[in-house]
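Note: the block below is start35.cif and it holds mmCIF, C-alpha atoms.
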```cif
data_final
loop_
_atom_site.label_atom_id
_atom_site.label_comp_id
_atom_site.auth_asym_id
_atom_site.auth_seq_id
_atom_site.Cartn_x
_atom_site.Cartn_y
_atom_site.Cartn_z
CA MET L 1 -1.83 104.65 -107.37
CA ASP L 2 1.06 107.11 -107.63
CA PHE L 3 0.34 110.66 -106.47
CA GLN L 4 3.82 111.97 -107.19
CA PRO L 5 3.74 114.52 -110.02
CA THR L 6 5.57 113.47 -113.16
CA LYS L 7 8.48 115.49 -114.50
CA ASP L 8 6.17 117.19 -116.98
CA GLN L 9 3.73 118.07 -114.20
CA GLN L 10 6.57 119.40 -112.05
CA ALA L 11 7.74 121.52 -114.98
CA LEU L 12 4.20 122.83 -115.48
CA ARG L 13 3.94 123.79 -111.82
CA ALA L 14 7.38 125.43 -111.85
CA GLY L 15 6.48 127.37 -114.98
CA MET L 16 3.29 128.66 -113.37
CA ARG L 17 5.18 129.67 -110.23
CA ASP L 18 7.78 131.53 -112.32
CA LEU L 19 5.06 133.30 -114.30
CA LEU L 20 3.30 134.47 -111.16
CA ALA L 21 6.59 135.50 -109.53
CA ALA L 22 7.28 137.69 -112.56
CA ARG L 23 3.78 139.12 -113.01
CA PHE L 24 2.15 138.96 -109.58
CA ASP L 25 4.78 139.15 -106.88
CA ARG L 26 4.31 140.58 -103.38
CA GLN L 27 4.70 144.14 -104.66
CA ALA L 28 1.95 143.58 -107.22
CA LEU L 29 -0.22 141.95 -104.57
CA ARG L 30 0.15 144.96 -102.30
CA ALA L 31 -0.54 147.31 -105.20
CA ALA L 32 -3.73 145.38 -105.92
CA VAL L 33 -4.84 145.93 -102.33
CA GLU L 34 -4.28 149.67 -102.70
CA ARG L 35 -5.96 149.84 -106.12
CA PRO L 36 -8.60 147.09 -106.29
CA GLY L 37 -9.56 145.96 -109.76
CA LEU L 38 -8.85 143.22 -112.23
CA ASP L 39 -5.49 143.42 -114.00
CA ARG L 40 -6.49 142.79 -117.61
CA ALA L 41 -2.88 142.57 -118.77
CA LEU L 42 -2.22 139.82 -116.24
CA TRP L 43 -5.45 138.08 -117.26
CA GLN L 44 -4.28 138.12 -120.88
CA ALA L 45 -0.88 136.77 -119.81
CA LEU L 46 -2.60 133.88 -118.05
CA GLY L 47 -4.56 133.20 -121.22
CA ASP L 48 -1.40 133.28 -123.34
CA ALA L 49 0.20 130.79 -120.92
CA GLY L 50 -2.72 128.39 -121.37
CA PHE L 51 -4.11 128.74 -117.85
CA PHE L 52 -7.72 128.86 -119.01
CA ALA L 53 -7.33 126.53 -122.03
CA LEU L 54 -5.36 123.93 -120.11
CA ARG L 55 -7.98 121.20 -120.41
CA LEU L 56 -9.32 122.04 -123.85
CA PRO L 57 -8.28 119.52 -126.53
CA GLU L 58 -5.47 120.60 -128.81
CA SER L 59 -7.85 120.36 -131.76
CA ALA L 60 -9.85 123.17 -130.14
CA GLY L 61 -6.79 125.31 -129.51
CA GLY L 62 -6.19 124.09 -125.98
CA VAL L 63 -3.29 122.46 -124.21
CA GLY L 64 -4.93 119.04 -123.97
CA LEU L 65 -4.09 118.31 -120.34
CA GLY L 66 -6.35 116.98 -117.58
CA LEU L 67 -7.77 117.75 -114.17
CA PRO L 68 -4.59 116.73 -112.24
CA GLU L 69 -2.59 119.34 -114.17
CA ALA L 70 -5.30 121.95 -113.61
CA VAL L 71 -5.14 121.26 -109.87
CA LEU L 72 -1.40 121.93 -109.86
CA VAL L 73 -1.69 125.33 -111.55
CA PHE L 74 -4.65 126.34 -109.38
CA GLU L 75 -2.61 125.39 -106.32
CA GLU L 76 0.03 127.86 -107.50
CA ALA L 77 -2.66 130.49 -108.07
CA GLY L 78 -3.84 130.02 -104.48
CA ARG L 79 -0.28 130.21 -103.19
CA ALA L 80 0.19 133.59 -104.90
CA LEU L 81 -3.28 134.86 -103.93
CA LEU L 82 -4.01 135.48 -107.61
CA THR L 83 -7.14 137.59 -108.08
CA GLY L 84 -10.14 137.27 -110.39
CA PRO L 85 -12.84 134.71 -111.21
CA LEU L 86 -10.30 132.06 -112.11
CA VAL L 87 -12.47 128.96 -111.65
CA ALA L 88 -15.46 130.34 -113.56
CA THR L 89 -13.35 131.52 -116.50
CA HIS L 90 -11.38 128.27 -116.63
CA LEU L 91 -14.59 126.23 -116.72
CA ALA L 92 -16.06 128.53 -119.39
CA ALA L 93 -13.16 127.94 -121.80
CA GLY L 94 -14.61 126.28 -124.87
CA SER L 95 -18.14 127.54 -124.30
CA VAL L 96 -17.68 131.32 -123.94
CA ALA L 97 -15.85 133.20 -126.67
CA GLY L 98 -12.56 134.67 -125.49
CA ALA L 99 -12.50 132.83 -122.16
CA ALA L 100 -9.80 130.36 -123.20
CA SER L 101 -7.47 133.08 -124.49
CA GLY L 102 -7.96 135.42 -121.55
CA GLU L 103 -9.68 138.04 -123.70
CA SER L 104 -12.91 137.65 -121.72
CA VAL L 105 -13.53 137.53 -117.98
CA VAL L 106 -16.29 135.13 -117.00
CA THR L 107 -18.02 134.92 -113.66
CA ARG L 108 -20.83 132.70 -112.46
CA VAL L 109 -23.72 133.00 -110.05
CA ASP L 110 -22.64 130.74 -107.22
CA GLY L 111 -25.59 130.49 -104.88
CA PRO L 112 -26.04 133.74 -102.97
CA LEU L 113 -22.66 135.11 -104.07
CA VAL L 114 -21.32 136.45 -107.34
CA ALA L 115 -17.66 137.39 -107.48
CA TRP L 116 -16.22 140.06 -109.78
CA LEU L 117 -19.63 140.86 -111.28
CA GLU L 118 -18.80 144.41 -112.34
CA GLU L 119 -15.50 143.37 -113.96
CA ALA L 120 -16.92 140.39 -115.86
CA ASP L 121 -17.56 140.41 -119.60
CA HIS L 122 -19.87 137.41 -119.35
CA VAL L 123 -22.05 136.22 -116.48
CA GLN L 124 -23.30 132.65 -116.26
CA GLY L 125 -26.56 132.41 -114.35
CA ASP L 126 -29.18 134.96 -113.39
CA ALA L 127 -27.53 137.86 -111.60
CA SER L 128 -30.45 140.26 -112.02
CA GLY L 129 -31.09 142.22 -108.87
CA ALA L 130 -27.68 141.38 -107.42
CA ARG L 131 -26.47 143.97 -104.95
CA ALA L 132 -22.93 144.89 -104.07
CA MET L 133 -21.95 143.78 -100.59
CA ARG L 134 -18.96 144.43 -98.40
CA SER L 135 -16.47 141.62 -98.94
CA VAL L 136 -14.24 140.48 -96.11
CA ASP L 137 -11.51 139.98 -98.73
CA PRO L 138 -10.41 143.32 -100.23
CA LEU L 139 -9.26 141.44 -103.36
CA THR L 140 -12.54 139.67 -104.07
CA PRO L 141 -15.46 142.03 -104.78
CA LEU L 142 -18.78 140.31 -104.14
CA HIS L 143 -22.46 140.80 -105.00
CA ARG L 144 -25.31 139.12 -103.19
CA SER L 145 -27.85 137.51 -105.50
CA ARG L 146 -30.96 135.34 -105.30
CA GLY L 147 -29.39 132.75 -107.55
CA THR L 148 -29.07 129.09 -106.77
CA ARG L 149 -25.90 127.06 -106.64
CA THR L 150 -25.42 124.37 -109.27
CA PRO L 151 -23.06 121.76 -107.87
CA GLU L 152 -20.14 121.14 -110.18
CA PRO L 153 -17.43 118.85 -108.81
CA GLU L 154 -14.70 120.31 -111.03
CA ALA L 155 -15.33 123.82 -109.68
CA VAL L 156 -15.27 122.49 -106.12
CA LEU L 157 -11.97 120.70 -106.70
CA LEU L 158 -10.26 123.70 -108.30
CA ALA L 159 -11.35 125.88 -105.38
CA ALA L 160 -9.96 123.25 -103.03
CA ALA L 161 -6.68 123.39 -104.94
CA GLU L 162 -6.52 127.16 -104.38
CA GLN L 163 -7.14 126.61 -100.68
CA LEU L 164 -4.36 124.04 -100.64
CA GLY L 165 -1.92 126.52 -102.20
CA SER L 166 -2.84 129.15 -99.63
CA ALA L 167 -2.39 126.65 -96.78
CA GLY L 168 1.05 125.70 -98.07
CA ARG L 169 2.12 129.33 -98.38
CA CYS L 170 0.96 130.12 -94.84
CA THR L 171 3.02 127.20 -93.54
CA GLU L 172 6.07 128.59 -95.35
CA LEU L 173 5.47 132.09 -93.95
CA ALA L 174 5.07 130.79 -90.39
CA VAL L 175 8.22 128.66 -90.52
CA GLN L 176 10.21 131.47 -92.12
CA HIS L 177 9.14 133.92 -89.40
CA ALA L 178 9.79 131.37 -86.63
CA LYS L 179 13.37 130.98 -87.85
CA GLN L 180 14.07 134.71 -88.07
CA ARG L 181 12.20 136.25 -85.14
CA GLU L 182 14.12 136.05 -81.85
CA GLN L 183 12.91 136.28 -78.27
CA PHE L 184 15.07 135.82 -75.16
CA GLY L 185 18.08 135.42 -77.43
CA ARG L 186 16.67 132.46 -79.41
CA PRO L 187 14.61 132.06 -82.58
CA ILE L 188 10.96 131.64 -81.56
CA GLY L 189 10.90 128.43 -83.59
CA ALA L 190 13.04 126.86 -80.86
CA PHE L 191 10.12 127.06 -78.43
CA GLN L 192 7.91 124.00 -78.25
CA ALA L 193 4.61 125.88 -78.58
CA VAL L 194 5.68 127.44 -81.89
CA LYS L 195 7.14 124.13 -83.13
CA HIS L 196 3.83 122.39 -82.53
CA LEU L 197 1.93 125.20 -84.24
CA CYS L 198 4.05 124.89 -87.39
CA ALA L 199 3.99 121.08 -87.31
CA ASP L 200 0.19 121.06 -87.12
CA MET L 201 0.01 123.41 -90.09
CA LEU L 202 2.26 121.13 -92.12
CA VAL L 203 0.23 118.03 -91.24
CA ARG L 204 -3.08 119.64 -92.19
CA THR L 205 -1.60 120.88 -95.47
CA GLU L 206 -0.14 117.50 -96.46
CA VAL L 207 -3.33 115.65 -95.57
CA ALA L 208 -5.30 118.10 -97.70
CA ARG L 209 -2.77 117.76 -100.52
CA ALA L 210 -3.17 113.98 -100.59
CA ALA L 211 -6.96 114.33 -100.67
CA VAL L 212 -6.95 116.98 -103.42
CA TYR L 213 -4.46 115.12 -105.62
CA ALA L 214 -6.36 111.84 -105.17
CA ALA L 215 -9.67 113.47 -106.05
CA ALA L 216 -8.09 114.96 -109.18
CA VAL L 217 -7.17 111.46 -110.33
CA THR L 218 -10.44 109.71 -109.45
CA GLU L 219 -12.79 112.68 -110.17
CA ASP L 220 -15.14 111.06 -107.68
CA PRO L 221 -17.66 113.67 -106.39
CA TYR L 222 -17.57 112.22 -102.88
CA GLU L 223 -13.79 112.36 -102.72
CA ILE L 224 -13.91 115.89 -104.11
CA ALA L 225 -16.30 116.90 -101.32
CA GLY L 226 -13.91 115.42 -98.77
CA ALA L 227 -10.99 117.22 -100.40
CA LYS L 228 -12.81 120.58 -100.19
CA LEU L 229 -13.55 120.02 -96.51
CA LEU L 230 -9.91 119.25 -95.72
CA ALA L 231 -8.55 122.04 -97.91
CA ASP L 232 -10.89 124.62 -96.34
CA GLN L 233 -9.78 123.52 -92.89
CA ALA L 234 -6.10 123.59 -93.84
CA ALA L 235 -6.40 127.08 -95.37
CA VAL L 236 -8.48 128.73 -92.64
CA ARG L 237 -6.83 127.12 -89.62
CA GLY L 238 -3.41 127.41 -91.26
CA ALA L 239 -3.83 131.14 -91.78
CA ARG L 240 -5.00 131.57 -88.19
CA ASP L 241 -2.01 129.63 -86.85
CA CYS L 242 0.35 131.57 -89.13
CA LEU L 243 -1.09 134.77 -87.68
CA GLN L 244 -0.40 133.48 -84.17
CA ALA L 245 3.17 132.55 -85.10
CA HIS L 246 3.71 136.16 -86.21
CA GLY L 247 2.53 137.40 -82.80
CA GLY L 248 1.54 141.07 -82.65
CA MET L 249 2.88 141.69 -86.15
CA GLY L 250 0.38 139.19 -87.49
CA PHE L 251 -2.46 141.47 -86.48
CA THR L 252 -1.19 144.30 -88.66
CA TRP L 253 -1.57 144.81 -92.39
CA GLU L 254 2.20 144.40 -92.76
CA ALA L 255 1.78 140.61 -92.67
CA ASP L 256 0.42 138.94 -95.81
CA VAL L 257 -1.26 136.27 -93.68
CA HIS L 258 -4.19 138.66 -93.27
CA LEU L 259 -4.89 138.43 -96.99
CA HIS L 260 -4.61 134.63 -96.98
CA LEU L 261 -7.04 134.34 -94.07
CA LYS L 262 -9.64 136.60 -95.64
CA ARG L 263 -9.40 134.85 -99.02
CA ALA L 264 -9.69 131.46 -97.31
CA TRP L 265 -12.88 132.60 -95.58
CA VAL L 266 -14.38 133.66 -98.92
CA ARG L 267 -13.37 130.47 -100.74
CA ALA L 268 -14.86 128.38 -97.95
CA GLU L 269 -18.25 129.85 -98.92
CA GLN L 270 -17.76 129.36 -102.68
CA TRP L 271 -18.77 126.42 -104.86
CA GLN L 272 -19.39 124.11 -101.89
CA THR L 273 -19.57 125.06 -98.23
CA ALA L 274 -18.56 122.78 -95.38
CA ASP L 275 -22.21 121.94 -94.66
CA GLU L 276 -22.88 121.11 -98.31
CA ALA L 277 -19.76 118.96 -98.53
CA ALA L 278 -20.79 117.13 -95.37
CA GLU L 279 -24.21 116.42 -96.88
CA VAL L 280 -22.57 114.98 -100.00
CA LEU L 281 -20.38 112.72 -97.88
CA ALA L 282 -23.30 111.69 -95.68
CA SER L 283 -25.33 110.70 -98.74
CA ALA L 284 -22.65 108.13 -99.58
CA LEU L 285 -22.91 106.36 -96.22
#
```

The structure given in the file should be rewritten as C-alpha cells.
Amino acid sequence: MDFQPTKDQQALRAGMRDLLAARFDRQALRAAVERPGLDRALWQALGDAGFFALRLPESAGGVGLGLPEAVLVFEEAGRALLTGPLVATHLAAGSVAGAASGESVVTRVDGPLVAWLEEADHVQGDASGARAMRSVDPLTPLHRSRGTRTPEPEAVLLAAAEQLGSAGRCTELAVQHAKQREQFGRPIGAFQAVKHLCADMLVRTEVARAAVYAAAVTEDPYEIAGAKLLADQAAVRGARDCLQAHGGMGFTWEADVHLHLKRAWVRAEQWQTADEAAEVLASAL
C-alpha cells in the first residue's frame, strides 16, 4: 500500500494551501480573533474552490474525488486554523441545498456540543433548548445541548485530519522559533532539551499522519478511531510543547500556538472523544 500522495493530490493540497494563504493568512486569523464571526465571503470562496463538493460525483456538480483527497484539504484547513463548521457542511453537501456551493452554512448537533449554531443556516439534529456556553477557543462558538452523538466515521476522520494539520503547523512554529531565538549566544535549538522537544513533536505528527492517511484509504472505522486518538494526541501535546519551546513568549497572545492549543482541545471533544475512540478499539479486540 502506497501512502505517498500522487502528483494530482500534491497539486490539490498545494492549491488549498495557496487559497488559504491568500484568503486566511495570519493577519486574517488575528482579525477573526478581534472580530469573531463567520466570514461568509471566505465560505463562498471555499465553496467555489470545491472544498465542500469535493466528494460529490461530477454528475451532481461535485469534483468527484474521494476521502483521501478530502483528508488532504482538511489537513490544510487545520494547519491554517480555518474557522467554521467545516466538517458538518462538507458532509451535508448533496443533502442540504447550498451546502456544496458554500451558499449555506450547516452545523450538526454533536453530542452535548453544537458549534456555530447562531451562524448556521441549517442545523442537523435537535438543538432545541441549546444554550450558549463559554468556549475555550475564541474562534469556535459553542452551545451546550441535550442532543446525542451519532457516530460517523467520516466526520471523525476529517476532524483527525484537521488535528494533524494543526500538529504539523505547531512543529513548524517550534522549529522556526528554536532556530531564531538565541540564549547565551546560541540558538536555543542547539540545546539538547529543545532538540528533544522538537523531535518528539515531529515523531508524534508523522505517526499520526501515517494513521490518518491509512484510515482514509481503508475507511475502516477501527483504524479511523485509532487515527483520531493519535491525531488528538499529536495536536494537543504538540501545541503544549510548541508553547514550551517559545518560553515566556508562548504564554502571551502574541504567539499563535495559543490558538492551536485551544482549537485542539475543542476538536478533541468533537465527533469522537478519546474515551469513545478507545471503546471502539476495545470492541475490536

Query raised in the report: Of the candidates L:Leu113, L:Ala132, L:Ala214, L:Val236, which one gets nearest to Gln272 (chain L) if we count all atoms listed in the file?
Result: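 Of L:Leu113, L:Ala132, L:Ala214, L:Val236, the one nearest Gln272 (chain L) is L:Leu113, counting all atoms listed in the file.
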
Requested in this report: Go through L:Leu164, L:Leu81, L:Val123, L:Ala264 one by one, measure the shortest atom-to-atom distance of each to Val105 (chain L) using all atoms listed in the file, and give the residue with the smallest value.
Outcome: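 Distance minimum relative to Val105 (chain L) lands on L:Val123.
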
Requested in this report: Please provide as a PyMOL selection string all residues within 9 Å of Arg149 (chain L), with the sequence filter that same-chain residues fewer than 5 positions apart are discarded (counting all atoms listed in the file).
Outcome: chain L and resi 109-112+271-272

Query raised in the report: Can you list, as a VMD selection string, the residues that the PyMOL selection byres ((chain L and resi 233) around 9) selects here?
Result: chain L and resid 163 167 204 to 205 208 228 to 232 234 to 238 268

Using all atoms listed in the file, I'd like a table of the residues in region 70-143 of chain L that come within 10 Å of region 19-25 of chain L; for each, show the closest atom pair and its distance in Å rounded to one decimal, ordered by chain and ascending number, as a Markdown table.
```
| residue | atom | partner | partner_atom | distance |
| --- | --- | --- | --- | --- |
| L:Glu76 | CA | L:Leu20 | CA | 8.2 |
| L:Ala77 | CA | L:Leu20 | CA | 7.8 |
| L:Arg79 | CA | L:Leu20 | CA | 9.7 |
| L:Ala80 | CA | L:Leu20 | CA | 7.0 |
| L:Leu81 | CA | L:Phe24 | CA | 8.8 |
| L:Leu82 | CA | L:Phe24 | CA | 7.3 |
| L:Thr83 | CA | L:Phe24 | CA | 9.5 |
```

Report task. Evaluate the PyMOL selection byres ((chain L and resi 61-75) around 8) on the structure here and hand back the selected residues as a ChimeraX atom specification. Result -> /L:9,12-13,16,50-51,53-60,76-79,100,157-159,161-166,212-213,216-217

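One finds CA of Val194 (chain L) at 26.6 Å from CA of Ala160 (chain L).
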
Requested in this report: Give me, please, the distance in Å between CA of Pro85 (chain L) and CA of Ala11 (chain L), quoted to one decimal.
Outcome: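 Between CA of Pro85 (chain L) and CA of Ala11 (chain L) the gap works out to 24.7 Å.
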
Query raised in the report: Just how far from CA of Glu269 (chain L) is CA of Pro36 (chain L), in Å to one decimal?
Result: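 So the answer is 21.1 Å.
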
Requested in this report: Any chance you could resolve the PyMOL selection byres ((chain L and resi 243) around 12) against this file and give the residues as number ranges by chain?
Outcome: L: 170-171, 173-175, 177-178, 194, 197-198, 201, 236-242, 244-262

Report task. Determine, counting all atoms listed in the file, which protein, DNA and RNA residues have an atom within 10 Å of an atom of Ala32 (chain L); residues of the same chain fewer than 5 positions away are not included. Present the result as an MDAnalysis selection string. Result -> chainID L and resid 24 26:27 37:39 83 138:139

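Counting only C-alpha atoms and comparing L:Gly129, L:Gly168, L:Pro141, L:Gly47, the residue that lies closest to Val203 (chain L) is L:Gly168.
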
Requested in this report: Could you tell me which of L:Asp126, L:Glu34, L:Asp48, L:Asp8 comes closest to Gly98 (chain L) if we count only C-alpha atoms?
Outcome: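 Result for the nearest residue to Gly98 (chain L): L:Asp48.
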
Requested in this report: Have a look at L:Leu91, L:Ala130, L:Val156, L:Ala274 and name the one nearest to Arg144 (chain L); count only C-alpha atoms.
Outcome: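 Looking only at the distances to Arg144 (chain L), the closest residue turns out to be L:Ala130.
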